[in-house]
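Have a look at the structure below before the remarks.
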Amino acid sequence: MGAGHDHGHSHAPTTGTAAAAYRGRLRVALSITLAVMVVEIVGGVAADSLALIADAAHMATDALGLGMALLAIHFANRPPSTTRTFGYARAEILAALANCLLLLGVGGYVLYEAIQRFFTPAHTEGGLMIVFGAIGLVANMISLTLLMRGQKESLNVRGAFLEVAADALGSLAVLISAAVILLTGWQAADPIASLVIGLMIVPRTFKLLRETLDVLLESAPKDVDMAQVRAHMLALDGVEDVHDLHAWTITSGMPVLSAHVVVRSDALNAIGHEKMLHELQGCLGDHFDVEHCTFQLEPIGHAEHEARLCH
């Protein structure tokens with residue numbers, strides 16, 4: 001027998017994925033990113049600044065990442081079908097994975113170009129760097145503000161947020177290097193700033209990649225302690241055992257759980273299947289944030305007759 005249970009604290013709508021509530025903000029962030037990318041390309045060429053060009057290249061991947069995030073939200077919120085029973089909800093996780101690969105590629109490229117610039121120095125105009133770097137920083141801070149809340153609720157939005165955050169740090173690095181060049185004339189500040197940008201990108205990307213792979217490998221949601229879930233279920237009157245207990249995440253904001261619950265016959269006869277299911281729902285709903293629960297109620301000894309794969 002199965003039972004569904006909705007229990008959460010997300011600010012996202014109750015229908016659709018967690019990221020759907022932030023579609024409009026992602027669109028605004030995408031528009032800002034495209035505009036700043038063009039500005040920084042012009043500024044990088046005019047000032048002969050690798051840091052600005054690196055930041056503009058990162059902006060280009062940000063724009064692609066934001067576009068993928070929006071496309072993923074569109075597909076993820078399509079209704080399920082008989083062949084895709086969870087719909088396309090995983091599209092958002094795939095978009096987050098693609099963002100990780102983009103970020104790693106950009107980080108590696110920036111690091112490579114920065115090292116090359118040490119061997120082939122260029123004259124960089126610090127004044128122009130400050131102007132274009134300041135434009136980039138202001139625009140990125142606006143985008144970060146728009147995505148701040150959503151990144152706590154969706155891996156898809158978090159991927160976009162981290163892209164913009166890396167850009168904001170990159171713009172700050174550009175401003176610092178430009179100030180050093182203006183004050184001291186030390187041209188190495190530009191490739192050093194590029195190295196800093198690259199090194200800031202990689203650690204955050206690996207963290208997002210780990211969380212994304214956890215979803216794809218169907219690990220238990222990080223906020224759900226499976227030992228506690230089992231203990232809560234076993235504490236219910238009449239429950240003798242719990243096996244085949246599984247919890248995983250379809251996409252951000254959509255955790256699911258399934259379990260075989262062994263119930264004493266006398267307890268099941270006394271309270272009935274419906275009340276037992278209701279108590280199981282209430283037990284998990286009061287203590288754990290699980291979107292959908294499915295329980296199979298079975299008598300003692302039934303597990304011995306199940307297929308070997310179920311154990």
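Within each chain, counting starts at residue 1; across the structure tokens, chains are named A, B, ... in the order shown, with ligands numbered 1 upward in that order.
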Excluding Ala57 of chain A and any residue of its chain fewer than 3 positions from it, enumerate the residues within 10 Å of it, using only C-alpha atoms, and give them as an MDAnalysis selection string.
chainID A and resid 37:38 40:41 51:54 60:63 106 109:110 167
Please dump the current selection as a tab-separated table (two decimals), in the first residue's frame; keep all heavy atoms.
```
chain	number	residue	atom	x	y	z
A	37	MET	N	29.01	41.08	-19.96
A	37	MET	CA	29.97	40.32	-20.77
A	37	MET	C	30.45	41.16	-21.95
A	37	MET	O	31.66	41.24	-22.22
A	37	MET	CB	29.32	39.03	-21.27
A	37	MET	CG	30.23	38.19	-22.16
A	37	MET	SD	29.31	36.87	-22.99
A	37	MET	CE	28.39	37.85	-24.21
A	38	VAL	N	29.51	41.78	-22.64
A	38	VAL	CA	29.87	42.61	-23.80
A	38	VAL	C	30.74	43.78	-23.36
A	38	VAL	O	31.77	44.10	-23.99
A	38	VAL	CB	28.59	43.12	-24.51
A	38	VAL	CG1	28.96	44.12	-25.60
A	38	VAL	CG2	27.82	41.95	-25.11
A	40	GLU	N	32.69	44.01	-20.71
A	40	GLU	CA	34.02	43.58	-20.27
A	40	GLU	C	34.90	43.13	-21.44
A	40	GLU	O	36.12	43.28	-21.39
A	40	GLU	CB	33.90	42.47	-19.23
A	40	GLU	CG	33.43	42.98	-17.87
A	40	GLU	CD	33.71	42.00	-16.76
A	40	GLU	OE1	33.88	40.79	-17.05
A	40	GLU	OE2	33.74	42.43	-15.60
A	41	ILE	N	34.30	42.56	-22.48
A	41	ILE	CA	35.09	42.20	-23.66
A	41	ILE	C	35.68	43.46	-24.29
A	41	ILE	O	36.87	43.52	-24.63
A	41	ILE	CB	34.23	41.44	-24.69
A	41	ILE	CG1	33.90	40.03	-24.17
A	41	ILE	CG2	34.94	41.35	-26.04
A	41	ILE	CD1	32.94	39.26	-25.04
A	51	ALA	N	42.87	39.87	-17.05
A	51	ALA	CA	41.90	39.69	-15.96
A	51	ALA	C	40.50	40.04	-16.43
A	51	ALA	O	39.53	39.33	-16.13
A	51	ALA	CB	42.29	40.53	-14.75
A	52	LEU	N	40.36	41.16	-17.16
A	52	LEU	CA	39.04	41.55	-17.67
A	52	LEU	C	38.54	40.56	-18.71
A	52	LEU	O	37.36	40.18	-18.72
A	52	LEU	CB	39.10	42.95	-18.29
A	52	LEU	CG	38.77	44.14	-17.37
A	52	LEU	CD1	38.97	45.45	-18.11
A	52	LEU	CD2	37.33	44.03	-16.85
A	53	ILE	N	39.42	40.13	-19.62
A	53	ILE	CA	39.00	39.17	-20.64
A	53	ILE	C	38.64	37.83	-20.01
A	53	ILE	O	37.66	37.18	-20.41
A	53	ILE	CB	40.13	39.00	-21.69
A	53	ILE	CG1	40.31	40.30	-22.48
A	53	ILE	CG2	39.80	37.84	-22.64
A	53	ILE	CD1	41.49	40.30	-23.43
A	54	ALA	N	39.40	37.42	-18.99
A	54	ALA	CA	39.09	36.18	-18.27
A	54	ALA	C	37.73	36.28	-17.61
A	54	ALA	O	36.92	35.35	-17.63
A	54	ALA	CB	40.16	35.89	-17.23
A	60	ALA	N	30.60	34.69	-20.11
A	60	ALA	CA	29.99	33.97	-21.23
A	60	ALA	C	29.50	32.60	-20.78
A	60	ALA	O	28.39	32.16	-21.14
A	60	ALA	CB	30.99	33.82	-22.37
A	61	THR	N	30.31	31.91	-19.97
A	61	THR	CA	29.86	30.61	-19.48
A	61	THR	C	28.73	30.76	-18.46
A	61	THR	O	27.85	29.91	-18.37
A	61	THR	CB	31.02	29.83	-18.81
A	61	THR	OG1	31.49	30.56	-17.68
A	61	THR	CG2	32.15	29.61	-19.79
A	62	ASP	N	28.75	31.88	-17.71
A	62	ASP	CA	27.65	32.16	-16.80
A	62	ASP	C	26.34	32.29	-17.57
A	62	ASP	O	25.30	31.78	-17.16
A	62	ASP	CB	27.89	33.45	-16.02
A	62	ASP	CG	28.93	33.28	-14.94
A	62	ASP	OD1	29.40	32.14	-14.75
A	62	ASP	OD2	29.29	34.27	-14.30
A	63	ALA	N	26.41	33.03	-18.68
A	63	ALA	CA	25.21	33.24	-19.49
A	63	ALA	C	24.70	31.90	-20.01
A	63	ALA	O	23.49	31.63	-19.99
A	63	ALA	CB	25.53	34.17	-20.66
A	106	VAL	N	36.31	26.71	-17.42
A	106	VAL	CA	36.70	28.12	-17.37
A	106	VAL	C	37.83	28.33	-16.37
A	106	VAL	O	38.80	29.04	-16.64
A	106	VAL	CB	35.48	29.00	-17.00
A	106	VAL	CG1	35.92	30.43	-16.69
A	106	VAL	CG2	34.49	29.02	-18.15
A	109	TYR	N	41.03	27.14	-17.89
A	109	TYR	CA	41.48	28.05	-18.96
A	109	TYR	C	42.10	29.32	-18.39
A	109	TYR	O	43.17	29.77	-18.83
A	109	TYR	CB	40.31	28.40	-19.87
A	109	TYR	CG	40.62	29.50	-20.85
A	109	TYR	CD1	41.37	29.25	-21.99
A	109	TYR	CD2	40.16	30.81	-20.62
A	109	TYR	CE1	41.68	30.26	-22.90
A	109	TYR	CE2	40.47	31.83	-21.51
A	109	TYR	CZ	41.22	31.56	-22.65
A	109	TYR	OH	41.53	32.57	-23.53
A	110	VAL	N	41.45	29.89	-17.40
A	110	VAL	CA	41.94	31.12	-16.79
A	110	VAL	C	43.31	30.90	-16.14
A	110	VAL	O	44.23	31.71	-16.28
A	110	VAL	CB	40.93	31.67	-15.76
A	110	VAL	CG1	41.55	32.81	-14.95
A	110	VAL	CG2	39.67	32.16	-16.46
A	167	ASP	N	32.03	35.37	-10.53
A	167	ASP	CA	32.22	36.58	-11.33
A	167	ASP	C	32.40	37.81	-10.46
A	167	ASP	O	33.23	38.68	-10.75
A	167	ASP	CB	31.00	36.80	-12.24
A	167	ASP	CG	31.19	36.15	-13.60
A	167	ASP	OD1	32.35	35.92	-13.98
A	167	ASP	OD2	30.20	35.89	-14.27
```
Spatial neighbours of Arg230 of chain A, 9 Å, only C-alpha atoms, chain gap at least 2 places, as a ChimeraX atom specification:
/A:225-228,232-235,241-243,245
Could the residues in this selection be written to a file with N, CA, C and O atoms, as a short mmCIF file (atom, residue, chain, number, x, y, z; two decimals), in the first residue's frame?
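Wrote it out as result39.cif, contents follow:
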```cif
data_model
loop_
_atom_site.label_atom_id
_atom_site.label_comp_id
_atom_site.auth_asym_id
_atom_site.auth_seq_id
_atom_site.Cartn_x
_atom_site.Cartn_y
_atom_site.Cartn_z
N ASP A 225 18.33 11.85 8.31
CA ASP A 225 19.14 10.84 8.99
C ASP A 225 18.37 9.52 8.94
O ASP A 225 17.35 9.35 9.62
N MET A 226 18.87 8.57 8.14
CA MET A 226 18.13 7.33 7.93
C MET A 226 18.01 6.51 9.20
O MET A 226 17.00 5.81 9.41
N ALA A 227 19.00 6.58 10.08
CA ALA A 227 18.93 5.86 11.35
C ALA A 227 17.79 6.41 12.20
O ALA A 227 17.03 5.66 12.84
N GLN A 228 17.63 7.72 12.19
CA GLN A 228 16.54 8.34 12.95
C GLN A 228 15.18 8.01 12.33
O GLN A 228 14.20 7.79 13.04
N HIS A 232 12.23 6.18 14.39
CA HIS A 232 10.90 6.77 14.56
C HIS A 232 9.82 5.80 14.10
O HIS A 232 8.77 5.68 14.74
N MET A 233 10.07 5.11 13.00
CA MET A 233 9.07 4.16 12.49
C MET A 233 8.93 2.97 13.43
O MET A 233 7.82 2.50 13.70
N LEU A 234 10.05 2.47 13.94
CA LEU A 234 10.01 1.32 14.85
C LEU A 234 9.34 1.67 16.18
O LEU A 234 8.86 0.78 16.89
N ALA A 235 9.33 2.94 16.52
CA ALA A 235 8.73 3.36 17.79
C ALA A 235 7.20 3.34 17.75
O ALA A 235 6.55 3.41 18.80
N ASP A 241 9.35 -4.32 12.45
CA ASP A 241 10.58 -4.19 11.69
C ASP A 241 10.35 -3.27 10.50
O ASP A 241 9.21 -3.05 10.06
N VAL A 242 11.44 -2.73 10.00
CA VAL A 242 11.42 -1.90 8.78
C VAL A 242 12.57 -2.37 7.91
O VAL A 242 13.72 -2.45 8.37
N HIS A 243 12.28 -2.72 6.67
CA HIS A 243 13.36 -3.12 5.76
C HIS A 243 13.11 -2.49 4.39
O HIS A 243 12.07 -1.89 4.14
N LEU A 245 14.34 0.15 3.33
CA LEU A 245 14.13 1.58 3.58
C LEU A 245 15.05 2.38 2.66
O LEU A 245 16.28 2.25 2.72
#
```
Could you give me, as JSON, numbers by chain, each residue of segment 151-269 of chain A that DSSP assigns to strand (DSSP E or B) when run on this structure's backbone?
{"A": [239, 240, 241, 242, 243, 244, 245, 246, 247, 248, 249, 255, 256, 257, 258, 259, 260, 261, 262, 263]}
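Of the residues under consideration (A:Ala188, A:Ala21, A:Ala165, A:Ala98), A:Ala188 shows the shortest atom-to-atom contact distance to Phe119 of chain A when counting only C-alpha atoms.
Take the candidates A:His292, A:Leu162, A:Leu268, A:Thr82 and check each one against Thr205 of chain A using only C-alpha atoms; the shortest distance goes to A:Leu162.
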For the structure I just gave you, how does DSSP split segment 86-179 of chain A - specifically, which residues are alpha helix (DSSP H)? Reply as a VMD selection string.
chain A and resid 91 to 119 126 to 147 155 to 179
Given the choices A:Gly44, A:Gly198, A:Gly282, A:Gly238, which gets closest to Leu169 of chain A if the distance is worked out from only C-alpha atoms?
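The closest residue to Leu169 of chain A is A:Gly198.
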Val215 of chain A: which residues within 9 Å, counting only C-alpha atoms, same-chain residues fewer than 5 positions away excluded, as a VMD selection string?
chain A and resid 93 210 220 to 221 248 to 252
Spatial neighbours of Glu92 of chain A, max dist 6 Å, only C-alpha atoms, sep filter under 3 positions, as a PyMOL selection string
chain A and resi 72+95+156
For Leu147 of chain A, please output as a compact mmCIF listing (two decimals) with N, CA, C and O atoms, in the first residue's frame all residues within 12 Å (counting only C-alpha atoms; exclusion window: fewer than 5 positions along the same chain).
```
# COMPACT_ATOMS: atom_id res chain seq x y z
N ALA A 19 13.10 25.33 -7.97
CA ALA A 19 13.70 26.41 -8.77
C ALA A 19 12.67 27.22 -9.55
O ALA A 19 12.96 28.35 -9.97
N ALA A 21 10.15 28.92 -8.74
CA ALA A 21 9.78 30.21 -8.15
C ALA A 21 10.78 31.30 -8.51
O ALA A 21 10.47 32.49 -8.36
N TYR A 22 11.95 30.93 -9.02
CA TYR A 22 13.01 31.91 -9.27
C TYR A 22 13.30 32.07 -10.76
O TYR A 22 14.33 32.60 -11.14
N ARG A 23 12.34 31.64 -11.58
CA ARG A 23 12.53 31.73 -13.02
C ARG A 23 12.71 33.18 -13.47
O ARG A 23 13.59 33.49 -14.26
N GLY A 24 11.86 34.09 -12.95
CA GLY A 24 11.94 35.49 -13.33
C GLY A 24 13.27 36.11 -12.92
O GLY A 24 13.88 36.88 -13.69
N ARG A 25 13.75 35.78 -11.74
CA ARG A 25 15.02 36.33 -11.26
C ARG A 25 16.19 35.80 -12.09
O ARG A 25 17.16 36.53 -12.34
N LEU A 26 16.11 34.55 -12.50
CA LEU A 26 17.15 34.00 -13.36
C LEU A 26 17.19 34.73 -14.71
O LEU A 26 18.26 34.96 -15.26
N ARG A 27 16.01 35.08 -15.23
CA ARG A 27 15.96 35.81 -16.50
C ARG A 27 16.64 37.18 -16.37
O ARG A 27 17.38 37.60 -17.26
N VAL A 28 16.35 37.88 -15.26
CA VAL A 28 16.97 39.18 -15.04
C VAL A 28 18.49 39.02 -14.91
O VAL A 28 19.27 39.78 -15.50
N ALA A 29 18.93 38.01 -14.14
CA ALA A 29 20.36 37.76 -13.97
C ALA A 29 21.02 37.44 -15.31
O ALA A 29 22.16 37.88 -15.57
N LEU A 30 20.33 36.70 -16.17
CA LEU A 30 20.88 36.37 -17.49
C LEU A 30 21.05 37.64 -18.33
O LEU A 30 22.08 37.83 -18.98
N LEU A 66 23.21 30.06 -16.97
CA LEU A 66 21.90 30.60 -16.60
C LEU A 66 20.84 30.18 -17.62
O LEU A 66 19.70 29.86 -17.26
N ASN A 140 27.13 42.22 -10.95
CA ASN A 140 27.14 40.90 -10.30
C ASN A 140 26.49 40.94 -8.93
O ASN A 140 25.81 39.98 -8.53
N MET A 141 26.68 42.01 -8.19
CA MET A 141 26.06 42.12 -6.86
C MET A 141 24.54 42.17 -6.98
O MET A 141 23.82 41.62 -6.15
N ILE A 142 24.03 42.82 -8.03
CA ILE A 142 22.58 42.84 -8.26
C ILE A 142 22.08 41.43 -8.53
O ILE A 142 21.07 40.98 -7.97
N LYS A 152 19.56 28.51 -1.79
CA LYS A 152 19.43 27.67 -0.61
C LYS A 152 18.43 26.53 -0.82
O LYS A 152 18.39 25.58 -0.06
N GLU A 153 17.61 26.65 -1.87
CA GLU A 153 16.52 25.70 -2.08
C GLU A 153 16.69 24.81 -3.30
O GLU A 153 16.02 23.79 -3.42
N SER A 154 17.58 25.18 -4.20
CA SER A 154 17.70 24.43 -5.46
C SER A 154 19.16 24.34 -5.90
O SER A 154 19.87 25.35 -5.95
N LEU A 155 19.61 23.11 -6.22
CA LEU A 155 20.96 22.94 -6.75
C LEU A 155 21.11 23.63 -8.10
O LEU A 155 22.17 24.14 -8.44
N ASN A 156 20.04 23.65 -8.87
CA ASN A 156 20.05 24.31 -10.16
C ASN A 156 20.32 25.81 -9.99
O ASN A 156 21.20 26.39 -10.64
N VAL A 157 19.57 26.45 -9.10
CA VAL A 157 19.77 27.88 -8.83
C VAL A 157 21.12 28.10 -8.17
O VAL A 157 21.80 29.10 -8.45
N ARG A 158 21.56 27.16 -7.31
CA ARG A 158 22.85 27.33 -6.65
C ARG A 158 23.98 27.31 -7.67
O ARG A 158 24.97 28.04 -7.53
N GLY A 159 23.86 26.47 -8.71
CA GLY A 159 24.87 26.46 -9.75
C GLY A 159 24.97 27.82 -10.42
O GLY A 159 26.07 28.34 -10.64
N ALA A 160 23.81 28.43 -10.72
CA ALA A 160 23.80 29.76 -11.32
C ALA A 160 24.36 30.80 -10.35
O ALA A 160 25.12 31.69 -10.73
N PHE A 161 23.99 30.68 -9.07
CA PHE A 161 24.45 31.61 -8.05
C PHE A 161 25.98 31.56 -7.91
O PHE A 161 26.64 32.60 -7.83
N LEU A 162 26.54 30.34 -7.91
CA LEU A 162 27.99 30.20 -7.77
C LEU A 162 28.72 30.77 -8.98
O LEU A 162 29.82 31.32 -8.86
N GLU A 163 28.11 30.64 -10.15
CA GLU A 163 28.71 31.23 -11.35
C GLU A 163 28.81 32.75 -11.17
O GLU A 163 29.85 33.36 -11.42
N VAL A 164 27.71 33.36 -10.73
CA VAL A 164 27.69 34.81 -10.56
C VAL A 164 28.61 35.24 -9.41
O VAL A 164 29.29 36.26 -9.48
N ALA A 165 28.64 34.42 -8.33
CA ALA A 165 29.49 34.74 -7.18
C ALA A 165 30.96 34.75 -7.60
O ALA A 165 31.74 35.63 -7.19
```
In Å, with one decimal, what is the gap from atom CA of Ala168 of chain A to atom CA of Val138 of chain A?
8.2 Å
Students should find that atom CA of His273 of chain A and atom CA of Leu297 of chain A are spaced 7.8 Å
